[in-house]
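Next comes upload_17.txt, with compact mmCIF, N, CA and C atoms.
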```txt
# COMPACT_ATOMS: atom_id res chain seq x y z
N MET A 14 14.42 -5.20 0.65
CA MET A 14 13.88 -4.72 -0.60
C MET A 14 14.58 -3.41 -0.93
N LEU A 15 14.87 -3.26 -2.19
CA LEU A 15 15.53 -2.06 -2.69
C LEU A 15 14.58 -1.39 -3.67
N GLY A 16 14.27 -0.15 -3.43
CA GLY A 16 13.33 0.54 -4.31
C GLY A 16 14.04 1.22 -5.47
N LEU A 17 13.74 0.80 -6.67
CA LEU A 17 14.29 1.42 -7.88
C LEU A 17 13.12 1.77 -8.78
N GLU A 18 12.62 3.00 -8.59
CA GLU A 18 11.42 3.42 -9.30
C GLU A 18 10.30 2.46 -8.91
N ALA A 19 9.66 1.83 -9.86
CA ALA A 19 8.58 0.89 -9.54
C ALA A 19 9.02 -0.54 -9.79
N LYS A 20 10.30 -0.82 -9.77
CA LYS A 20 10.81 -2.14 -10.12
C LYS A 20 11.18 -2.97 -8.91
N ASN A 21 11.16 -2.45 -7.72
CA ASN A 21 11.35 -3.12 -6.44
C ASN A 21 11.95 -4.53 -6.51
N PRO A 22 13.27 -4.64 -6.58
CA PRO A 22 13.85 -5.99 -6.64
C PRO A 22 14.08 -6.58 -5.26
N ALA A 23 14.19 -7.90 -5.24
CA ALA A 23 14.71 -8.63 -4.08
C ALA A 23 16.05 -9.19 -4.53
N ILE A 24 16.99 -9.28 -3.61
CA ILE A 24 18.32 -9.81 -3.93
C ILE A 24 18.59 -10.96 -2.99
N VAL A 25 18.89 -12.14 -3.55
CA VAL A 25 19.17 -13.33 -2.76
C VAL A 25 20.61 -13.75 -3.03
N LEU A 26 21.42 -13.75 -2.00
CA LEU A 26 22.84 -14.06 -2.13
C LEU A 26 23.16 -15.44 -1.58
N GLU A 27 24.27 -16.00 -2.04
CA GLU A 27 24.73 -17.27 -1.49
C GLU A 27 24.88 -17.12 0.02
N GLY A 28 24.54 -18.16 0.74
CA GLY A 28 24.59 -18.11 2.20
C GLY A 28 23.24 -17.74 2.80
N ALA A 29 22.31 -17.33 1.95
CA ALA A 29 20.97 -16.99 2.45
C ALA A 29 20.23 -18.25 2.87
N ASP A 30 19.34 -18.12 3.83
CA ASP A 30 18.42 -19.19 4.20
C ASP A 30 17.39 -19.25 3.07
N LEU A 31 17.50 -20.26 2.21
CA LEU A 31 16.64 -20.31 1.02
C LEU A 31 15.16 -20.45 1.35
N ASP A 32 14.84 -21.19 2.40
CA ASP A 32 13.42 -21.30 2.78
C ASP A 32 12.86 -19.94 3.17
N LEU A 33 13.63 -19.19 3.93
CA LEU A 33 13.20 -17.84 4.33
C LEU A 33 13.15 -16.92 3.11
N ALA A 34 14.15 -16.99 2.24
CA ALA A 34 14.17 -16.14 1.04
C ALA A 34 12.97 -16.42 0.14
N VAL A 35 12.66 -17.70 -0.05
CA VAL A 35 11.51 -18.07 -0.87
C VAL A 35 10.23 -17.53 -0.24
N ARG A 36 10.07 -17.72 1.05
CA ARG A 36 8.85 -17.27 1.74
C ARG A 36 8.70 -15.74 1.63
N GLU A 37 9.78 -15.02 1.87
CA GLU A 37 9.71 -13.56 1.82
C GLU A 37 9.51 -13.05 0.39
N CYS A 38 10.15 -13.68 -0.58
CA CYS A 38 9.95 -13.27 -1.97
C CYS A 38 8.52 -13.57 -2.43
N LEU A 39 8.01 -14.69 -2.01
CA LEU A 39 6.64 -15.06 -2.34
C LEU A 39 5.65 -14.03 -1.78
N LEU A 40 5.82 -13.70 -0.52
CA LEU A 40 4.93 -12.69 0.09
C LEU A 40 5.13 -11.33 -0.57
N GLY A 41 6.39 -10.99 -0.86
CA GLY A 41 6.68 -9.70 -1.47
C GLY A 41 6.13 -9.57 -2.88
N CYS A 42 6.08 -10.67 -3.60
CA CYS A 42 5.57 -10.66 -4.98
C CYS A 42 4.06 -10.79 -5.05
N LEU A 43 3.51 -11.67 -4.25
CA LEU A 43 2.13 -12.10 -4.48
C LEU A 43 1.11 -11.72 -3.42
N SER A 44 1.53 -11.20 -2.27
CA SER A 44 0.50 -10.79 -1.32
C SER A 44 -0.31 -9.66 -1.94
N PHE A 45 -1.57 -9.63 -1.69
CA PHE A 45 -2.51 -8.69 -2.32
C PHE A 45 -2.46 -8.85 -3.84
N ASN A 46 -2.19 -10.08 -4.30
CA ASN A 46 -2.08 -10.39 -5.73
C ASN A 46 -1.05 -9.51 -6.44
N GLY A 47 -0.09 -8.99 -5.69
CA GLY A 47 0.92 -8.13 -6.29
C GLY A 47 0.41 -6.75 -6.63
N GLN A 48 -0.80 -6.44 -6.20
CA GLN A 48 -1.44 -5.17 -6.54
C GLN A 48 -1.14 -4.11 -5.49
N ARG A 49 0.11 -3.85 -5.30
CA ARG A 49 0.53 -2.77 -4.40
C ARG A 49 1.83 -2.20 -4.91
N CYS A 50 2.07 -0.96 -4.64
CA CYS A 50 3.22 -0.29 -5.24
C CYS A 50 4.55 -0.84 -4.75
N LYS A 51 4.59 -1.43 -3.56
CA LYS A 51 5.85 -1.96 -3.04
C LYS A 51 6.05 -3.44 -3.33
N ALA A 52 5.23 -4.02 -4.17
CA ALA A 52 5.38 -5.44 -4.49
C ALA A 52 6.70 -5.67 -5.21
N ILE A 53 7.34 -6.79 -4.92
CA ILE A 53 8.58 -7.15 -5.60
C ILE A 53 8.25 -7.45 -7.05
N LYS A 54 8.99 -6.83 -7.96
CA LYS A 54 8.75 -7.02 -9.39
C LYS A 54 9.83 -7.89 -10.05
N ILE A 55 11.00 -7.98 -9.43
CA ILE A 55 12.10 -8.73 -10.01
C ILE A 55 12.93 -9.31 -8.87
N ILE A 56 13.42 -10.52 -9.07
CA ILE A 56 14.24 -11.18 -8.05
C ILE A 56 15.60 -11.49 -8.66
N PHE A 57 16.65 -10.94 -8.05
CA PHE A 57 18.02 -11.23 -8.47
C PHE A 57 18.56 -12.31 -7.53
N VAL A 58 19.03 -13.42 -8.10
CA VAL A 58 19.54 -14.52 -7.29
C VAL A 58 20.96 -14.82 -7.76
N GLU A 59 21.87 -14.93 -6.82
CA GLU A 59 23.26 -15.24 -7.16
C GLU A 59 23.32 -16.58 -7.90
N ALA A 60 24.14 -16.64 -8.94
CA ALA A 60 24.17 -17.79 -9.86
C ALA A 60 24.34 -19.13 -9.17
N GLY A 61 25.16 -19.20 -8.14
CA GLY A 61 25.45 -20.46 -7.48
C GLY A 61 24.26 -21.10 -6.76
N ILE A 62 23.24 -20.31 -6.48
CA ILE A 62 22.06 -20.84 -5.78
C ILE A 62 20.78 -20.68 -6.60
N ALA A 63 20.92 -20.21 -7.83
CA ALA A 63 19.74 -19.90 -8.65
C ALA A 63 18.85 -21.12 -8.87
N ASP A 64 19.43 -22.26 -9.23
CA ASP A 64 18.61 -23.44 -9.50
C ASP A 64 17.86 -23.90 -8.25
N ALA A 65 18.56 -23.93 -7.13
CA ALA A 65 17.92 -24.36 -5.87
C ALA A 65 16.81 -23.39 -5.48
N PHE A 66 17.07 -22.10 -5.61
CA PHE A 66 16.05 -21.10 -5.29
C PHE A 66 14.84 -21.26 -6.20
N LEU A 67 15.08 -21.37 -7.50
CA LEU A 67 13.97 -21.48 -8.45
C LEU A 67 13.14 -22.74 -8.22
N ASP A 68 13.80 -23.85 -7.91
CA ASP A 68 13.06 -25.08 -7.61
C ASP A 68 12.13 -24.88 -6.41
N ARG A 69 12.66 -24.28 -5.35
CA ARG A 69 11.85 -24.07 -4.15
C ARG A 69 10.76 -23.02 -4.38
N PHE A 70 11.11 -21.97 -5.12
CA PHE A 70 10.14 -20.90 -5.38
C PHE A 70 8.99 -21.43 -6.23
N ALA A 71 9.31 -22.20 -7.28
CA ALA A 71 8.26 -22.76 -8.14
C ALA A 71 7.36 -23.71 -7.35
N ALA A 72 7.95 -24.54 -6.50
CA ALA A 72 7.16 -25.46 -5.68
C ALA A 72 6.24 -24.68 -4.74
N ALA A 73 6.75 -23.60 -4.16
CA ALA A 73 5.96 -22.80 -3.24
C ALA A 73 4.80 -22.11 -3.96
N VAL A 74 5.05 -21.57 -5.15
CA VAL A 74 3.98 -20.93 -5.92
C VAL A 74 2.93 -21.95 -6.32
N ASN A 75 3.37 -23.12 -6.78
CA ASN A 75 2.43 -24.16 -7.18
C ASN A 75 1.58 -24.68 -6.03
N ALA A 76 2.06 -24.53 -4.81
CA ALA A 76 1.33 -25.02 -3.64
C ALA A 76 0.32 -24.00 -3.10
N LEU A 77 0.33 -22.77 -3.62
CA LEU A 77 -0.57 -21.74 -3.10
C LEU A 77 -2.02 -22.06 -3.44
N PRO A 78 -2.90 -21.94 -2.47
CA PRO A 78 -4.32 -22.15 -2.74
C PRO A 78 -4.90 -20.93 -3.48
N PHE A 79 -5.71 -21.20 -4.48
CA PHE A 79 -6.34 -20.10 -5.20
C PHE A 79 -7.84 -20.29 -5.21
N GLY A 80 -8.54 -19.19 -5.41
CA GLY A 80 -9.99 -19.23 -5.43
C GLY A 80 -10.55 -17.82 -5.34
N MET A 81 -11.75 -17.72 -4.85
CA MET A 81 -12.42 -16.42 -4.74
C MET A 81 -12.04 -15.76 -3.42
N PRO A 82 -12.04 -14.43 -3.37
CA PRO A 82 -11.58 -13.71 -2.18
C PRO A 82 -12.34 -14.07 -0.90
N TRP A 83 -13.59 -14.46 -1.02
CA TRP A 83 -14.38 -14.76 0.17
C TRP A 83 -14.19 -16.18 0.67
N GLN A 84 -13.42 -16.99 -0.03
CA GLN A 84 -13.16 -18.36 0.42
C GLN A 84 -12.03 -18.36 1.44
N GLU A 85 -12.22 -19.09 2.51
CA GLU A 85 -11.22 -19.17 3.56
C GLU A 85 -9.98 -19.90 3.08
N GLY A 86 -8.81 -19.39 3.46
CA GLY A 86 -7.55 -20.04 3.16
C GLY A 86 -6.99 -19.78 1.77
N VAL A 87 -7.65 -18.94 1.00
CA VAL A 87 -7.21 -18.64 -0.36
C VAL A 87 -6.09 -17.60 -0.33
N PHE A 88 -5.08 -17.78 -1.18
CA PHE A 88 -3.97 -16.83 -1.25
C PHE A 88 -3.99 -16.05 -2.57
N ILE A 89 -4.31 -16.73 -3.66
CA ILE A 89 -4.33 -16.09 -4.98
C ILE A 89 -5.79 -15.98 -5.42
N THR A 90 -6.20 -14.77 -5.78
CA THR A 90 -7.57 -14.53 -6.23
C THR A 90 -7.54 -13.81 -7.57
N PRO A 91 -8.66 -13.79 -8.28
CA PRO A 91 -8.70 -13.04 -9.54
C PRO A 91 -8.48 -11.56 -9.28
N VAL A 92 -7.87 -10.91 -10.23
CA VAL A 92 -7.72 -9.46 -10.17
C VAL A 92 -8.89 -8.87 -10.94
N ALA A 93 -9.57 -7.94 -10.32
CA ALA A 93 -10.77 -7.36 -10.94
C ALA A 93 -10.43 -6.60 -12.20
N GLU A 94 -11.27 -6.77 -13.20
CA GLU A 94 -11.16 -5.99 -14.43
C GLU A 94 -12.19 -4.88 -14.38
N LYS A 95 -11.95 -3.84 -15.13
CA LYS A 95 -12.87 -2.72 -15.17
C LYS A 95 -14.28 -3.22 -15.51
N ASP A 96 -15.24 -2.82 -14.75
CA ASP A 96 -16.67 -3.14 -14.92
C ASP A 96 -17.00 -4.61 -14.67
N LYS A 97 -16.02 -5.47 -14.40
CA LYS A 97 -16.28 -6.90 -14.19
C LYS A 97 -17.07 -7.12 -12.91
N THR A 98 -16.72 -6.41 -11.84
CA THR A 98 -17.41 -6.60 -10.57
C THR A 98 -18.87 -6.20 -10.71
N TYR A 99 -19.14 -5.04 -11.31
CA TYR A 99 -20.53 -4.61 -11.48
C TYR A 99 -21.29 -5.62 -12.32
N SER A 100 -20.70 -6.04 -13.42
CA SER A 100 -21.36 -6.99 -14.32
C SER A 100 -21.68 -8.29 -13.60
N PHE A 101 -20.73 -8.82 -12.85
CA PHE A 101 -20.94 -10.06 -12.11
C PHE A 101 -22.06 -9.90 -11.09
N LEU A 102 -21.98 -8.84 -10.28
CA LEU A 102 -22.99 -8.62 -9.25
C LEU A 102 -24.36 -8.35 -9.86
N ASN A 103 -24.41 -7.59 -10.93
CA ASN A 103 -25.68 -7.30 -11.59
C ASN A 103 -26.30 -8.59 -12.15
N ASP A 104 -25.49 -9.41 -12.82
CA ASP A 104 -26.00 -10.68 -13.36
C ASP A 104 -26.50 -11.57 -12.23
N TYR A 105 -25.75 -11.60 -11.13
CA TYR A 105 -26.15 -12.41 -9.98
C TYR A 105 -27.47 -11.91 -9.43
N TRP A 106 -27.57 -10.61 -9.25
CA TRP A 106 -28.80 -10.00 -8.71
C TRP A 106 -29.98 -10.27 -9.63
N MET A 107 -29.79 -10.11 -10.92
CA MET A 107 -30.89 -10.29 -11.87
C MET A 107 -31.34 -11.75 -11.96
N SER A 108 -30.47 -12.67 -11.56
CA SER A 108 -30.84 -14.09 -11.63
C SER A 108 -31.56 -14.57 -10.37
N THR A 109 -31.64 -13.75 -9.34
CA THR A 109 -32.32 -14.17 -8.12
C THR A 109 -33.84 -14.09 -8.31
N PRO A 110 -34.57 -15.04 -7.76
CA PRO A 110 -36.02 -15.05 -7.96
C PRO A 110 -36.73 -13.91 -7.23
N VAL A 111 -36.24 -13.49 -6.09
CA VAL A 111 -36.89 -12.43 -5.32
C VAL A 111 -35.87 -11.31 -5.15
N LYS A 112 -36.26 -10.10 -5.52
CA LYS A 112 -35.35 -8.96 -5.47
C LYS A 112 -35.81 -7.96 -4.41
N ASN A 113 -35.66 -8.30 -3.16
CA ASN A 113 -36.06 -7.42 -2.05
C ASN A 113 -34.88 -6.64 -1.58
```
Written as structure tokens, that's how I'd like the structure from this file.
Amino acid sequence: MLGLEAKNPAIVLEGADLDLAVRECLLGCLSFNGQRCKAIKIIFVEAGIADAFLDRFAAAVNALPFGMPWQEGVFITPVAEKDKTYSFLNDYWMSTPVKN
């Protein structure tokens, strides 16, 4: 990873192990839903391998399990919006029959 301000690119060159490059770029982009300062923001891929990389990367992204953070095996979760967590929890709490 090369740090250029907050644009953190990954660079994939011909001769790279594409399975490894896809896995590392996927983790670099999407772990913690990309909500970290060192997340990869842009991927530069050498032209000769761009189509193969994109095919594998798209397949890998499409295969990621998504859901709520408390569900086991989930990789992609919703990103919280301002006041959304409080609103959700408050609505949930207010809908319970017993409030002990």
For this session: Would you please work out which residue, of A:Leu40, A:Lys54, A:Gln84, A:Ala72, is nearest to A:Ala23 when using only N, CA and C atoms?
Result: A:Lys54
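Omitting A:Ala73 and its sequence neighbours fewer than 2 positions away, and counting only C-alpha atoms, the residues within 10 Å are Asp32, Val35, Arg36, Leu39, Leu67, Asp68, Arg69, Phe70, Ala71, Asn75, Ala76 and Leu77 of chain A.
One distance worth recording is that between atom CA of A:Val58 and atom N of A:Leu26, which is 5.7 Å.
Of the listed residues A:Cys50, A:Ile55, A:Pro78, A:Cys42, the one whose atoms come nearest to A:Thr90 is A:Pro78, with distances taken using only C-alpha atoms.
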Taking every listed atom of stretch 61-75 of chain A and adding 8 Å to each side, what centre and edge lengths in Å (one decimal) does the axis-aligned box have, as JSON?
```
{"center_x": 13.5, "center_y": -22.3, "center_z": -6.4, "size_x": 39.9, "size_y": 22.3, "size_z": 22.3}
```
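The interatomic distance for the pair atom CA of A:Ile53 and atom CA of A:Glu85 works out to 24.9 Å.
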Exercise. If you measure from atom CA of A:Ile62 to atom CA of A:Ile24, what distance in Å do you get, rounded to one decimal?
Worked result: 11.8 Å
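Across stretch 23-92 of chain A, DSSP run on the backbone finds alpha helix (DSSP H) at Leu31, Asp32, Leu33, Ala34, Val35, Arg36, Glu37, Cys38, Leu39, Leu40, Gly41, Cys42, Leu43, Ala63, Asp64, Ala65, Phe66, Leu67, Asp68, Arg69, Phe70, Ala71, Ala72, Ala73, Val74 and Asn75 of chain A.
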Problem set entry | Expected answer as number ranges by chain: strand (DSSP E) residues in stretch 21-98 of chain A | A: 22-25, 55-58
